[in-house]
>>> print(open('coords07.txt').read())   # compact mmCIF, C-alpha atoms and all ligand atoms
# COMPACT_ATOMS: atom_id res chain seq x y z
CA MET Q 701 -7.29 37.25 1.40
CA ASP Q 702 -6.92 34.75 -1.51
CA ALA Q 703 -9.58 33.89 -4.11
CA LEU Q 704 -10.83 30.77 -2.27
CA THR Q 705 -11.52 32.48 1.03
CA VAL Q 706 -15.24 32.98 1.51
CA ASN Q 707 -16.43 36.50 2.05
CA TRP Q 708 -19.20 35.68 4.56
CA ASN Q 709 -20.47 39.24 4.89
CA ALA Q 710 -20.99 39.58 1.11
CA LEU Q 711 -22.77 36.18 1.02
CA ARG Q 712 -25.09 37.08 3.92
CA GLU Q 713 -26.03 40.35 2.21
CA ALA Q 714 -26.79 38.59 -1.09
CA TYR Q 715 -28.94 35.91 0.68
CA GLU Q 716 -30.97 38.35 2.81
CA PRO Q 717 -33.62 39.33 0.15
CA LEU Q 718 -34.05 35.61 -0.85
CA ARG Q 719 -34.60 34.32 2.69
CA VAL Q 720 -38.40 34.60 2.82
CA PRO Q 721 -39.09 33.23 -0.72
CA ILE Q 722 -36.77 30.24 -0.06
CA LEU Q 723 -38.55 29.52 3.23
CA ILE Q 724 -42.00 29.68 1.60
CA GLY Q 725 -40.83 27.48 -1.31
CA THR Q 726 -39.48 24.81 1.06
CA LEU Q 727 -42.71 24.79 3.06
CA LEU Q 728 -44.74 24.41 -0.14
CA VAL Q 729 -42.70 21.40 -1.28
CA ILE Q 730 -43.25 19.71 2.11
CA VAL Q 731 -47.02 20.36 2.11
CA VAL Q 732 -47.51 19.17 -1.50
CA SER Q 733 -45.52 15.99 -0.94
CA LEU Q 734 -47.61 15.21 2.14
CA PHE Q 735 -50.97 15.58 0.44
CA LYS Q 736 -50.52 14.65 -3.18
CA ASP Q 737 -52.10 11.32 -4.25
CA ASP Q 738 -48.93 9.64 -5.42
CA LYS Q 739 -49.77 5.94 -5.88
CA SER Q 740 -46.19 4.87 -6.37
CA LYS Q 741 -45.45 6.23 -2.91
CA ILE Q 742 -48.20 4.22 -1.29
CA PHE Q 743 -48.23 0.97 -3.20
CA THR Q 744 -45.44 -0.89 -4.87
CA SER Q 745 -46.32 -3.08 -7.84
CA ASN Q 746 -47.32 -5.85 -5.50
CA GLY Q 747 -49.74 -3.72 -3.55
CA LEU Q 748 -47.58 -3.21 -0.50
CA THR Q 749 -47.13 0.03 1.27
CA LEU Q 750 -43.63 1.31 1.40
CA GLY Q 751 -41.35 2.28 4.17
CA GLY Q 752 -43.35 1.26 7.24
CA ASN Q 753 -44.51 4.83 7.95
CA GLU Q 754 -47.78 4.50 6.03
CA LYS Q 755 -50.79 6.55 6.97
CA LYS Q 756 -54.05 4.63 7.31
CA ASP Q 757 -56.00 7.44 5.66
CA ARG Q 758 -53.95 7.14 2.51
CA ILE Q 759 -55.44 3.90 1.24
CA VAL Q 760 -55.32 3.26 -2.45
CA LYS Q 761 -57.41 0.62 -4.13
CA PRO Q 762 -55.13 -1.61 -6.20
CA VAL Q 763 -55.23 -0.98 -9.92
CA ILE Q 764 -56.20 -4.21 -11.68
CA LYS Q 765 -55.47 -4.83 -15.36
CA PRO Q 766 -57.59 -6.91 -17.73
CA VAL Q 767 -56.11 -10.29 -18.68
CA PRO Q 768 -54.74 -10.31 -22.26
CA ASP Q 769 -57.26 -10.71 -25.07
CA SER Q 770 -55.78 -14.10 -25.83
CA PHE Q 771 -56.63 -15.44 -22.33
CA ASP Q 772 -58.71 -18.62 -22.56
CA TRP Q 773 -59.82 -19.76 -19.11
CA LYS Q 774 -60.59 -23.29 -20.30
CA THR Q 775 -57.04 -23.95 -21.44
CA ALA Q 776 -54.94 -21.59 -19.29
CA ASP Q 777 -52.39 -23.39 -17.10
CA PRO Q 778 -53.66 -23.66 -13.53
CA LEU Q 779 -51.41 -22.61 -10.71
CA LYS Q 780 -49.32 -25.37 -9.17
CA SER Q 781 -49.85 -25.24 -5.46
CA TYR Q 782 -46.83 -27.19 -4.24
CA PRO Q 783 -45.74 -25.41 -1.05
CA PHE Q 784 -44.05 -28.47 0.45
CA LYS Q 785 -40.43 -28.29 1.51
CA GLU Q 786 -38.04 -31.08 2.36
CA GLY Q 787 -37.20 -31.38 6.04
CA LEU Q 788 -38.88 -31.21 9.42
CA TYR Q 789 -42.32 -29.49 9.35
CA LYS Q 790 -42.32 -26.21 11.26
CA LEU Q 791 -45.51 -24.50 12.39
CA THR Q 792 -45.05 -20.96 11.08
CA MET Q 793 -47.28 -18.33 9.48
CA GLY Q 794 -45.50 -18.93 6.18
CA ILE Q 795 -46.94 -15.81 4.53
CA LYS Q 796 -45.69 -14.03 1.44
CA ASN Q 797 -46.71 -10.80 -0.27
CA LEU Q 798 -49.06 -11.20 -3.20
CA ASP Q 799 -49.55 -8.95 -6.21
CA PRO Q 800 -53.26 -7.94 -6.12
CA GLN Q 801 -53.41 -8.78 -9.82
CA ASP Q 802 -53.06 -12.46 -8.77
CA TYR Q 803 -55.69 -12.36 -6.05
CA LEU Q 804 -58.81 -14.04 -7.53
CA LEU Q 805 -58.31 -16.57 -10.30
CA VAL Q 806 -60.34 -18.13 -13.08
CA GLU Q 807 -58.82 -21.49 -13.95
CA PRO Q 808 -60.10 -24.39 -16.12
CA VAL Q 809 -62.07 -25.89 -13.18
CA HIS Q 810 -63.89 -22.62 -12.48
CA ALA Q 811 -67.37 -23.54 -13.75
CA GLU Q 812 -67.13 -27.06 -12.34
CA ARG Q 813 -66.24 -25.75 -8.88
CA LEU Q 814 -68.96 -23.10 -8.89
CA GLN Q 815 -71.49 -25.79 -9.82
CA LEU Q 816 -70.19 -28.10 -7.11
CA LYS Q 817 -70.61 -25.25 -4.61
CA GLN Q 818 -74.22 -24.72 -5.69
CA LYS Q 819 -74.98 -28.41 -5.29
CA LEU Q 820 -73.41 -28.59 -1.84
CA MET Q 821 -75.20 -25.42 -0.76
CA SER Q 822 -78.55 -26.77 -1.93
CA ASN Q 823 -78.04 -30.19 -0.26
CA SER Q 824 -78.44 -31.85 -3.62
CA HIS Q 825 -75.09 -33.49 -4.39
CA PRO Q 826 -75.59 -37.27 -4.52
CA ASP Q 827 -71.98 -38.03 -3.47
CA TYR Q 828 -72.16 -36.14 -0.20
CA PRO Q 829 -73.93 -37.24 3.00
CA GLN Q 830 -77.66 -37.38 2.41
CA GLY Q 831 -79.84 -36.16 5.22
CA LYS Q 832 -77.16 -33.75 6.41
CA ASP Q 833 -77.93 -30.04 6.09
CA ILE Q 834 -74.73 -29.11 4.24
CA ARG Q 835 -76.10 -25.63 3.47
CA LYS Q 836 -76.21 -24.90 7.19
CA GLU Q 837 -72.61 -26.09 7.38
CA THR Q 838 -71.33 -23.93 4.55
CA VAL Q 839 -73.21 -20.59 4.34
CA PHE Q 840 -72.60 -18.13 7.15
CA TYR Q 841 -73.82 -14.69 8.06
CA LYS Q 842 -74.12 -12.55 11.17
CA PRO Q 843 -75.98 -9.24 10.74
CA GLU Q 844 -73.06 -7.31 12.25
CA ALA Q 845 -71.04 -8.31 9.16
CA GLU Q 846 -73.43 -6.52 6.78
CA MET Q 847 -71.13 -3.60 6.03
CA ALA Q 848 -68.11 -5.86 5.48
CA VAL Q 849 -70.05 -8.29 3.27
CA LYS Q 850 -71.33 -5.48 1.07
CA GLU Q 851 -67.93 -3.84 0.92
CA TYR Q 852 -66.34 -7.12 -0.13
CA TYR Q 853 -69.06 -7.86 -2.68
CA ASP Q 854 -68.59 -4.51 -4.41
CA PHE Q 855 -64.82 -4.97 -4.40
CA VAL Q 856 -65.02 -8.49 -5.89
CA LEU Q 857 -67.52 -7.59 -8.61
CA ASP Q 858 -65.40 -4.65 -9.62
CA TYR Q 859 -62.28 -6.83 -9.56
CA MET Q 860 -63.73 -9.65 -11.67
CA CYS Q 861 -65.36 -7.33 -14.22
CA THR Q 862 -62.08 -5.46 -14.62
CA LYS Q 863 -59.75 -8.45 -14.73
CA TYR Q 864 -61.98 -10.76 -16.78
CA PRO Q 865 -64.11 -8.40 -18.89
CA LYS Q 866 -65.10 -11.12 -21.35
CA LEU Q 867 -66.29 -13.49 -18.62
CA TYR Q 868 -68.04 -11.04 -16.28
CA VAL Q 869 -70.12 -8.86 -18.51
CA LYS Q 870 -72.22 -5.89 -17.34
CA ILE Q 871 -75.89 -5.96 -18.33
CA GLY Q 872 -77.16 -2.41 -17.93
CA ASN Q 873 -76.17 -0.71 -14.70
CA ASN Q 874 -77.33 -3.26 -12.21
CA GLN Q 875 -76.45 -6.73 -13.35
CA VAL Q 876 -73.48 -8.83 -14.33
CA LEU Q 877 -73.56 -12.04 -16.35
CA ASN Q 878 -71.01 -14.63 -15.26
CA LYS Q 879 -70.55 -16.27 -18.63
CA THR Q 880 -68.61 -19.24 -17.23
CA ILE Q 881 -71.82 -20.58 -15.66
CA ASP Q 882 -74.39 -18.40 -17.40
CA GLU Q 883 -75.66 -16.86 -14.15
CA VAL Q 884 -76.77 -13.28 -13.57
CA ILE Q 885 -75.80 -11.59 -10.31
CA PRO Q 886 -76.16 -8.03 -9.01
CA ALA Q 887 -73.43 -5.68 -10.25
CA HIS Q 888 -73.28 -3.96 -6.87
CA THR Q 889 -74.95 -3.88 -3.49
CA ASP Q 890 -77.83 -1.67 -2.39
CA ASP Q 891 -79.01 -0.55 1.03
CA LYS Q 892 -82.27 -2.50 1.00
CA THR Q 893 -81.03 -6.00 0.22
CA PRO Q 894 -79.85 -7.96 3.27
CA GLY Q 895 -76.14 -8.79 3.44
CA GLU Q 896 -76.89 -12.52 3.54
CA ASP Q 897 -78.12 -12.43 -0.08
CA TYR Q 898 -74.75 -11.11 -1.19
CA VAL Q 899 -72.93 -13.84 0.73
CA VAL Q 900 -74.76 -16.34 -1.47
CA HIS Q 901 -74.42 -14.32 -4.70
CA LEU Q 902 -70.65 -14.33 -4.27
CA SER Q 903 -70.66 -18.14 -4.47
CA LYS Q 904 -71.68 -17.67 -8.12
CA VAL Q 905 -68.79 -15.34 -8.79
CA ILE Q 906 -65.60 -16.75 -7.24
CA ASP Q 907 -64.75 -20.39 -6.73
CA GLU Q 908 -62.64 -19.60 -3.68
CA ASP Q 909 -64.30 -20.11 -0.33
CA TYR Q 910 -64.15 -16.88 1.63
CA ILE Q 911 -64.37 -16.02 5.28
CA ILE Q 912 -65.05 -12.55 6.68
CA LEU Q 913 -63.57 -11.88 10.09
CA GLN Q 914 -64.04 -8.86 12.25
CA LYS Q 915 -63.69 -7.72 15.83
CA ASP Q 916 -66.71 -8.05 18.08
CA PRO Q 917 -66.52 -5.53 20.95
CA SER Q 918 -69.61 -7.11 22.54
CA ARG Q 919 -67.53 -10.27 23.15
CA SER Q 920 -64.37 -8.65 24.45
CA GLY Q 921 -64.95 -10.05 27.95
CA GLU Q 922 -64.79 -13.65 26.69
CA LYS Q 923 -61.71 -15.84 26.26
CA ASP Q 924 -59.80 -14.53 23.22
CA GLY Q 925 -62.63 -12.02 22.82
CA ASP Q 926 -60.30 -9.30 21.49
CA GLU Q 927 -59.40 -11.40 18.46
CA TYR Q 928 -60.99 -11.38 15.01
CA PHE Q 929 -64.17 -13.51 14.78
CA PHE Q 930 -65.47 -15.54 11.83
CA LYS Q 931 -68.65 -13.59 11.01
CA ALA Q 932 -69.69 -14.46 7.47
CA GLY Q 933 -68.72 -16.36 4.34
CA ILE Q 934 -68.91 -19.58 2.38
CA PHE Q 935 -66.99 -22.65 3.53
CA THR Q 936 -67.92 -25.40 1.07
CA PHE Q 937 -64.49 -26.97 0.83
CA ALA Q 938 -63.82 -27.73 4.49
CA ALA Q 939 -60.84 -30.06 4.89
CA GLY Q 940 -61.74 -32.14 7.92
CA PHE Q 941 -63.75 -30.05 10.35
CA ALA Q 942 -67.33 -28.80 10.69
CA PRO Q 943 -67.28 -25.10 9.71
CA SER Q 944 -70.43 -24.40 11.76
CA GLU Q 945 -68.47 -25.28 14.92
CA ARG Q 946 -66.02 -22.49 14.11
CA PHE Q 947 -68.59 -19.90 13.03
CA ASP Q 948 -68.79 -16.78 15.21
CA THR Q 949 -65.72 -17.86 17.15
CA PRO Q 950 -62.32 -16.11 17.48
CA LEU Q 951 -59.17 -17.10 15.58
CA SER Q 952 -57.70 -19.09 18.48
CA TYR Q 953 -60.83 -21.19 18.84
CA ILE Q 954 -60.94 -21.75 15.07
CA HIS Q 955 -57.41 -23.13 15.27
CA HIS Q 956 -57.69 -24.99 18.59
CA PRO Q 957 -57.14 -28.51 17.17
CA ILE Q 958 -53.80 -27.57 15.66
CA PRO Q 959 -50.96 -28.90 17.78
CA GLY Q 960 -48.67 -26.06 18.90
CA TYR Q 961 -51.02 -23.24 17.83
CA GLU Q 962 -51.29 -21.60 21.27
CA ASP Q 963 -47.52 -21.42 21.80
CA LYS Q 964 -46.13 -21.02 18.31
CA LEU Q 965 -48.72 -19.14 16.27
CA LYS Q 966 -51.30 -17.38 18.40
CA PRO Q 967 -49.42 -14.20 19.40
CA THR Q 968 -47.88 -13.65 15.95
CA MET Q 969 -51.18 -14.31 14.23
CA ASN Q 970 -53.16 -11.86 16.35
CA ARG Q 971 -50.52 -9.18 15.90
CA PHE Q 972 -50.53 -9.79 12.17
CA PHE Q 973 -54.33 -9.47 11.91
CA ASP Q 974 -54.31 -6.25 13.91
CA LYS Q 975 -51.52 -4.69 11.89
CA LEU Q 976 -52.54 -5.86 8.41
CA LEU Q 977 -53.00 -2.81 6.20
CA PRO Q 978 -56.09 -2.32 4.04
CA PHE Q 979 -55.70 -3.69 0.52
CA ARG Q 980 -52.42 -5.32 1.38
CA PHE Q 981 -52.51 -8.91 0.06
CA VAL Q 982 -50.62 -11.80 1.60
CA THR Q 983 -50.75 -15.48 0.80
CA ARG Q 984 -49.92 -18.81 2.39
CA SER Q 985 -50.48 -22.37 1.26
CA ASN Q 986 -50.74 -25.74 2.93
CA PHE Q 987 -50.70 -29.32 1.74
CA SER Q 988 -52.07 -32.65 2.80
CA VAL Q 989 -53.26 -35.98 1.45
CA GLN Q 990 -56.67 -37.63 1.61
CA THR Q 991 -57.76 -41.08 0.55
CA HIS Q 992 -61.02 -40.02 -1.16
CA ASN Q 993 -62.13 -37.40 -3.67
CA LYS Q 994 -64.46 -35.22 -1.57
CA PHE Q 995 -64.14 -31.45 -1.32
CA TYR Q 996 -66.43 -31.00 1.67
CA VAL Q 997 -65.19 -33.15 4.55
CA ASP Q 998 -66.27 -32.57 8.11
CA ASP Q 999 -65.56 -35.90 9.76
CA SER Q 1000 -62.32 -37.34 8.43
CA ASN Q 1001 -58.95 -36.19 6.99
CA LYS Q 1002 -57.68 -34.90 10.32
CA GLY Q 1003 -56.59 -36.77 13.43
CA HIS Q 1004 -58.90 -34.86 15.74
CA ASN Q 1005 -61.86 -36.63 14.12
CA LEU Q 1006 -60.61 -39.97 15.46
CA SER Q 1007 -61.32 -41.42 18.87
CA ALA Q 1008 -58.58 -41.04 21.49
CA ASP Q 1009 -57.71 -44.77 21.43
CA TYR Q 1010 -57.55 -45.01 17.63
CA GLU Q 1011 -54.11 -46.15 16.53
CA GLN Q 1012 -52.91 -44.68 13.24
CA LYS Q 1013 -51.21 -47.38 11.15
CA PRO Q 1014 -49.90 -47.39 7.54
CA LEU Q 1015 -52.68 -48.11 5.05
CA ASP Q 1016 -52.42 -51.17 2.85
CA TYR Q 1017 -50.74 -50.09 -0.39
CA ASP Q 1018 -52.51 -52.66 -2.58
CA SER Q 1019 -55.99 -51.64 -1.46
CA LEU Q 1020 -55.51 -47.97 -2.42
CA ASP Q 1021 -56.56 -46.49 -5.76
CA PHE Q 1022 -54.09 -43.70 -6.54
CA GLU Q 1023 -56.00 -42.56 -9.60
CA LYS Q 1024 -59.48 -42.21 -8.17
CA ASP Q 1025 -59.23 -42.11 -4.38
CA VAL Q 1026 -55.87 -40.94 -3.06
CA HIS Q 1027 -55.57 -37.18 -3.60
CA TYR Q 1028 -53.05 -34.47 -2.95
CA ARG Q 1029 -54.86 -31.53 -1.34
CA SER Q 1030 -53.58 -28.00 -1.13
CA GLU Q 1031 -55.14 -24.69 -0.18
CA ARG Q 1032 -53.90 -21.40 -1.56
CA GLN Q 1033 -55.06 -18.89 1.03
CA VAL Q 1034 -55.05 -15.11 0.68
CA LEU Q 1035 -55.66 -12.47 3.33
CA THR Q 1036 -56.53 -8.85 2.92
CA LYS Q 1037 -58.22 -6.14 4.97
CA LEU Q 1038 -61.14 -4.00 3.78
CA PRO Q 1039 -60.58 -0.27 4.29
CA LYS Q 1040 -64.10 0.84 5.27
CA SER Q 1041 -65.25 -1.92 7.62
CA GLY Q 1042 -61.77 -2.96 8.78
CA ALA Q 1043 -62.80 -6.60 8.28
CA VAL Q 1044 -60.25 -9.20 7.23
CA VAL Q 1045 -61.14 -11.46 4.32
CA PHE Q 1046 -59.58 -14.90 4.09
CA THR Q 1047 -59.99 -16.72 0.76
CA ILE Q 1048 -59.28 -20.40 0.32
CA ARG Q 1049 -58.63 -21.86 -3.10
CA THR Q 1050 -58.63 -25.65 -2.95
CA TYR Q 1051 -56.64 -27.90 -5.24
CA LEU Q 1052 -57.54 -31.58 -5.16
CA ILE Q 1053 -55.30 -33.58 -7.48
CA PRO Q 1054 -55.23 -37.36 -7.98
CA MET Q 1055 -51.94 -38.82 -6.75
CA ALA Q 1056 -51.51 -40.39 -10.19
CA GLN Q 1057 -51.14 -36.87 -11.57
CA ILE Q 1058 -48.57 -35.91 -8.92
CA LYS Q 1059 -46.61 -39.01 -9.95
CA LYS Q 1060 -46.22 -37.46 -13.41
CA GLU Q 1061 -44.47 -34.41 -11.98
CA PRO Q 1062 -40.68 -34.08 -12.40
CA LYS Q 1063 -38.52 -36.13 -10.05
CA GLU Q 1064 -37.45 -32.98 -8.17
CA VAL Q 1065 -41.09 -32.22 -7.22
CA ARG Q 1066 -41.81 -35.79 -6.15
CA GLU Q 1067 -38.65 -35.98 -4.08
CA ARG Q 1068 -39.38 -32.68 -2.41
CA PHE Q 1069 -42.89 -33.91 -1.61
CA ILE Q 1070 -41.54 -37.19 -0.16
CA GLY Q 1071 -39.04 -35.18 1.91
CA ALA Q 1072 -41.91 -33.06 3.27
CA ILE Q 1073 -44.01 -36.13 4.13
CA ASN Q 1074 -41.05 -37.59 6.03
CA GLY Q 1075 -40.74 -34.25 7.80
CA LEU Q 1076 -44.23 -34.59 9.34
CA GLN Q 1077 -43.46 -35.92 12.80
CA GLY Q 1078 -45.13 -36.26 16.19
CA ASP Q 1079 -48.31 -34.26 16.84
CA ILE Q 1080 -48.50 -32.71 13.40
CA SER Q 1081 -48.20 -36.15 11.78
CA ALA Q 1082 -51.08 -37.37 13.96
CA TYR Q 1083 -53.09 -34.25 13.05
CA LYS Q 1084 -52.58 -34.78 9.30
CA ARG Q 1085 -52.83 -38.59 9.63
CA SER Q 1086 -49.60 -38.97 7.69
CA LYS Q 1087 -48.66 -42.20 9.53
CA GLU Q 1088 -51.55 -43.75 7.62
CA TRP Q 1089 -51.21 -42.35 4.10
CA GLY Q 1090 -47.50 -41.44 4.23
CA PRO Q 1091 -45.86 -44.88 3.70
CA PRO Q 1092 -48.08 -45.97 0.74
CA VAL Q 1093 -47.86 -42.53 -0.92
CA ILE Q 1094 -44.07 -42.51 -0.58
CA LYS Q 1095 -43.89 -46.00 -2.05
CA TYR Q 1096 -46.18 -45.03 -4.93
CA LEU Q 1097 -44.24 -41.86 -5.78
CA SER Q 1098 -40.86 -43.59 -5.44
CA ASP Q 1099 -41.63 -46.52 -7.79
CA ASP Q 1100 -40.80 -45.82 -11.43
C1 LIG Q 1201 -52.18 -15.80 8.62
C2 LIG Q 1201 -53.29 -16.44 8.79
C3 LIG Q 1201 -53.40 -17.90 9.12
C4 LIG Q 1201 -52.44 -18.80 9.44
C5 LIG Q 1201 -50.95 -18.58 9.55
C6 LIG Q 1201 -53.10 -20.06 9.67
C7 LIG Q 1201 -52.48 -21.21 10.03
C8 LIG Q 1201 -53.07 -22.45 10.05
C9 LIG Q 1201 -52.36 -23.70 10.15
C10 LIG Q 1201 -50.86 -23.84 10.33
C11 LIG Q 1201 -53.26 -24.67 10.09
C12 LIG Q 1201 -52.97 -26.18 10.12
C13 LIG Q 1201 -53.10 -26.74 8.73
C14 LIG Q 1201 -52.30 -25.97 7.74
O1 LIG Q 1201 -51.11 -26.18 7.65
O2 LIG Q 1201 -52.89 -25.10 7.11
C15 LIG Q 1201 -54.56 -24.06 9.93
C16 LIG Q 1201 -55.74 -24.72 9.84
C17 LIG Q 1201 -56.96 -24.11 9.81
N1 LIG Q 1201 -57.20 -22.76 9.65
FE1 LIG Q 1201 -55.83 -21.31 9.62
N2 LIG Q 1201 -54.44 -19.88 9.51
C18 LIG Q 1201 -54.66 -18.58 9.18
C19 LIG Q 1201 -55.87 -17.97 8.97
C20 LIG Q 1201 -57.06 -18.61 9.10
C21 LIG Q 1201 -58.32 -17.95 9.06
C22 LIG Q 1201 -58.55 -16.46 8.87
C23 LIG Q 1201 -59.26 -18.87 9.21
C24 LIG Q 1201 -60.71 -18.56 9.24
C25 LIG Q 1201 -61.69 -19.37 9.34
C26 LIG Q 1201 -58.58 -20.16 9.34
C27 LIG Q 1201 -59.19 -21.37 9.51
C28 LIG Q 1201 -58.54 -22.57 9.64
C29 LIG Q 1201 -59.21 -23.84 9.81
C30 LIG Q 1201 -60.71 -24.04 9.89
C31 LIG Q 1201 -58.23 -24.80 9.91
C32 LIG Q 1201 -58.44 -26.28 10.11
C33 LIG Q 1201 -58.62 -26.53 11.55
C34 LIG Q 1201 -58.91 -27.98 11.76
O3 LIG Q 1201 -58.19 -28.83 11.23
O4 LIG Q 1201 -59.84 -28.29 12.47
N3 LIG Q 1201 -57.25 -19.95 9.29
N4 LIG Q 1201 -54.41 -22.71 9.93
>>> encode(input="coords07.txt", output="structure tokens", more="lines below")
Ligand code: HEM
Amino acid sequence: MDALTVNWNALREAYEPLRVPILIGTLLVIVVSLFKDDKSKIFTSNGLTLGGNEKKDRIVKPVIKPVPDSFDWKTADPLKSYPFKEGLYKLTMGIKNLDPQDYLLVEPVHAERLQLKQKLMSNSHPDYPQGKDIRKETVFYKPEAEMAVKEYYDFVLDYMCTKYPKLYVKIGNNQVLNKTIDEVIPAHTDDKTPGEDYVVHLSKVIDEDYIILQKDPSRSGEKDGDEYFFKAGIFTFAAGFAPSERFDTPLSYIHHPIPGYEDKLKPTMNRFFDKLLPFRFVTRSNFSVQTHNKFYVDDSNKGHNLSADYEQKPLDYDSLDFEKDVHYRSERQVLTKLPKSGAVVFTIRTYLIPMAQIKKEPKEVRERFIGAINGLQGDISAYKRSKEWGPPVIKYLSDD
């Protein structure tokens, strides 16, 4: 036998006394790795769970960092919500992962938007339809959403106080001062106060609209009754539909005017809502154009508000005011799921920018936008009314 030949008998004898300790050690490593609270294993930096074999009971609240001391909300650059792409429009989910740190934003328009919300919700904005109960159209609550509303409220207050500690300042244990509008709101929920109060309080905290959706087992026998239902929230910046008509209805009904929804989006959307993991954040954005400067619009903007025999024709270029009236509109939407209630929260951040400002963007942006407008064809063009605003907007953006 040469030196390299293994003496199996000698090896077996040497291993025998170590067998039990090695076995116990291996078992211990497995057990510890299963139960230890290792955040990096659950969430990546953008809040996503890893690997696809996540366990629902291992939910970790995202860790939010304060903005730098130098952050000045009045001068900070706002996000540019330009999701348009050149080429034919395709109806897809178009979602991307979002770092939880970028979830709720305070931008230079923050105070202005919060004040606009308050005016709309109190039916007291002179530029919006008088005699219409806009509050009823924008503030929503079903008692079955109480747990979700309170869960979301506590999450948001915690988030804003942590991320913007100079703007959301704790007063004692129970109150927070939103310094951007000088309003005091509860620091957290309590059992006695009805959920509806917190729905309204949140409109003094975040300028995003937000919609809380949850399953409603009592409606499972209805059409699309197994889907998520719109159960609570604030919808002050509706872009061409009456939010009250969508309240307490399932996702498919909410989206029924969108051409192609049933075939192209419905199954994927429902699967996505069911499978969305708690505290995972995803975002999508849309774009459109409107020929006025209103944030709350329930009777125009979209083709389904027009009578069946209405023919959409290009608007007269010379009669349009691209500084005051014609606006680029984009919504930055974010979805997440709450761990306790299982509700999905959909936030909508609306950007309304005069076309004159878009004209100042680099040529690449304008060309991409023109390419996207040209890509709106058929039903989706009729839905967005791009046959009307498209030709004059393209002409305006093309002229130097
Ligand atoms: C992944 C989630 C979602 C996707 C992929 C999606 C997709 C869409 C699409 C493609 C449109 C057409 C306009 C646009 O391009 O945005 C639309 C419109 C709309 N969506 Fe969603 N949506 C989602 C979630 C929600 C949720 C949770 C609500 C809750 C209320 C909602 C409410 C609406 C409303 C009210 C409209 C306008 C309908 C109208 O014009 O009458 N969406 N959505």
>>> residues_near_point(input="coords07.txt", point="(-51.2, -44.5, 9.8)", cutoff="6 Å", atoms="only C-alpha atoms", output="PyMOL selection string")
chain Q and resi 1012-1014+1087-1088
>>> residues_around(input="coords07.txt", residues="Asn970 of chain Q", least_positions_apart="5", cutoff="10 Å", atoms="only C-alpha atoms", output="list in words")
Asp924, Asp926, Glu927, Tyr928, Leu951, Ser952, Leu965, Lys975 and Leu976 of chain Q
>>> closest_residue(input="coords07.txt", among="Q:Ser1041, Q:Gln875, Q:Gln1057, Q:Ser1081", to="ligand LIG 1201 (chain Q)", atoms="all atoms listed in the file")
Q:Ser1081
>>> axis_aligned_box(input="coords07.txt", around="ligand LIG 1201 (chain Q)", padding_each_side="5 Å", output="lines of an AutoDock Vina configuration file")
center_x = -56.3
center_y = -22.3
center_z = 9.8
size_x = 20.8
size_y = 23.0
size_z = 15.4
>>> atom_distance(input="coords07.txt", atom1="atom C21 of ligand LIG 1201 (chain Q)", atom2="atom CA of Val856 of chain Q")
18.9 Å
>>> closest_atom_pairs(input="coords07.txt", of="chain Q", to="ligand LIG 1201 (chain Q)", cutoff="6 Å", atoms="all atoms listed in the file", output="tab-separated table")
residue	atom	partner	partner_atom	distance
Q:Leu791	CA	Q:LIG1201	C10	5.8
Q:Met793	CA	Q:LIG1201	C5	3.7
Q:Ile911	CA	Q:LIG1201	C25	5.9
Q:Phe930	CA	Q:LIG1201	C25	5.9
Q:Gly940	CA	Q:LIG1201	O3	5.9
Q:Phe941	CA	Q:LIG1201	O4	4.8
Q:Ile954	CA	Q:LIG1201	C30	5.7
Q:His955	CA	Q:LIG1201	C33	5.2
Q:Pro957	CA	Q:LIG1201	O4	5.4
Q:Ile958	CA	Q:LIG1201	C12	5.8
Q:Met969	CA	Q:LIG1201	C1	5.9
Q:Asn986	CA	Q:LIG1201	O2	4.7
Q:Phe1046	CA	Q:LIG1201	C22	5.1
>>> atom_distance(input="coords07.txt", atom1="atom CA of Val884 of chain Q", atom2="atom CA of Leu902 of chain Q")
11.2 Å
>>> residues_around(input="coords07.txt", residues="Pro1062 of chain Q", least_positions_apart="6", cutoff="12 Å", atoms="all atoms listed in the file", output="ChimeraX atom specification")
/Q:1068-1069,1097-1098,1100
>>> closest_atom_pairs(input="coords07.txt", of="segment 931-957 of chain Q", to="segment 811-834 of chain Q", cutoff="12 Å", atoms="all atoms listed in the file", output="JSON lines")
{"residue": "Q:Ile934", "atom": "CA", "partner": "Q:Met821", "partner_atom": "CA", "distance": 9.1}
{"residue": "Q:Phe935", "atom": "CA", "partner": "Q:Lys817", "partner_atom": "CA", "distance": 9.3}
{"residue": "Q:Thr936", "atom": "CA", "partner": "Q:Lys817", "partner_atom": "CA", "distance": 6.3}
{"residue": "Q:Phe937", "atom": "CA", "partner": "Q:Lys817", "partner_atom": "CA", "distance": 8.4}
{"residue": "Q:Ala938", "atom": "CA", "partner": "Q:Ile834", "partner_atom": "CA", "distance": 11.0}
{"residue": "Q:Ala942", "atom": "CA", "partner": "Q:Ile834", "partner_atom": "CA", "distance": 9.8}
{"residue": "Q:Pro943", "atom": "CA", "partner": "Q:Ile834", "partner_atom": "CA", "distance": 10.1}
{"residue": "Q:Ser944", "atom": "CA", "partner": "Q:Ile834", "partner_atom": "CA", "distance": 9.9}
>>> closest_residue(input="coords07.txt", among="Q:Pro959, Q:His1004, Q:Leu857, Q:Thr838", to="Gln1077 of chain Q", atoms="all atoms listed in the file")
Q:Pro959
>>> closest_residue(input="coords07.txt", among="Q:Lys923, Q:Glu837, Q:Val900, Q:Phe947", to="Tyr996 of chain Q", atoms="all atoms listed in the file")
Q:Glu837
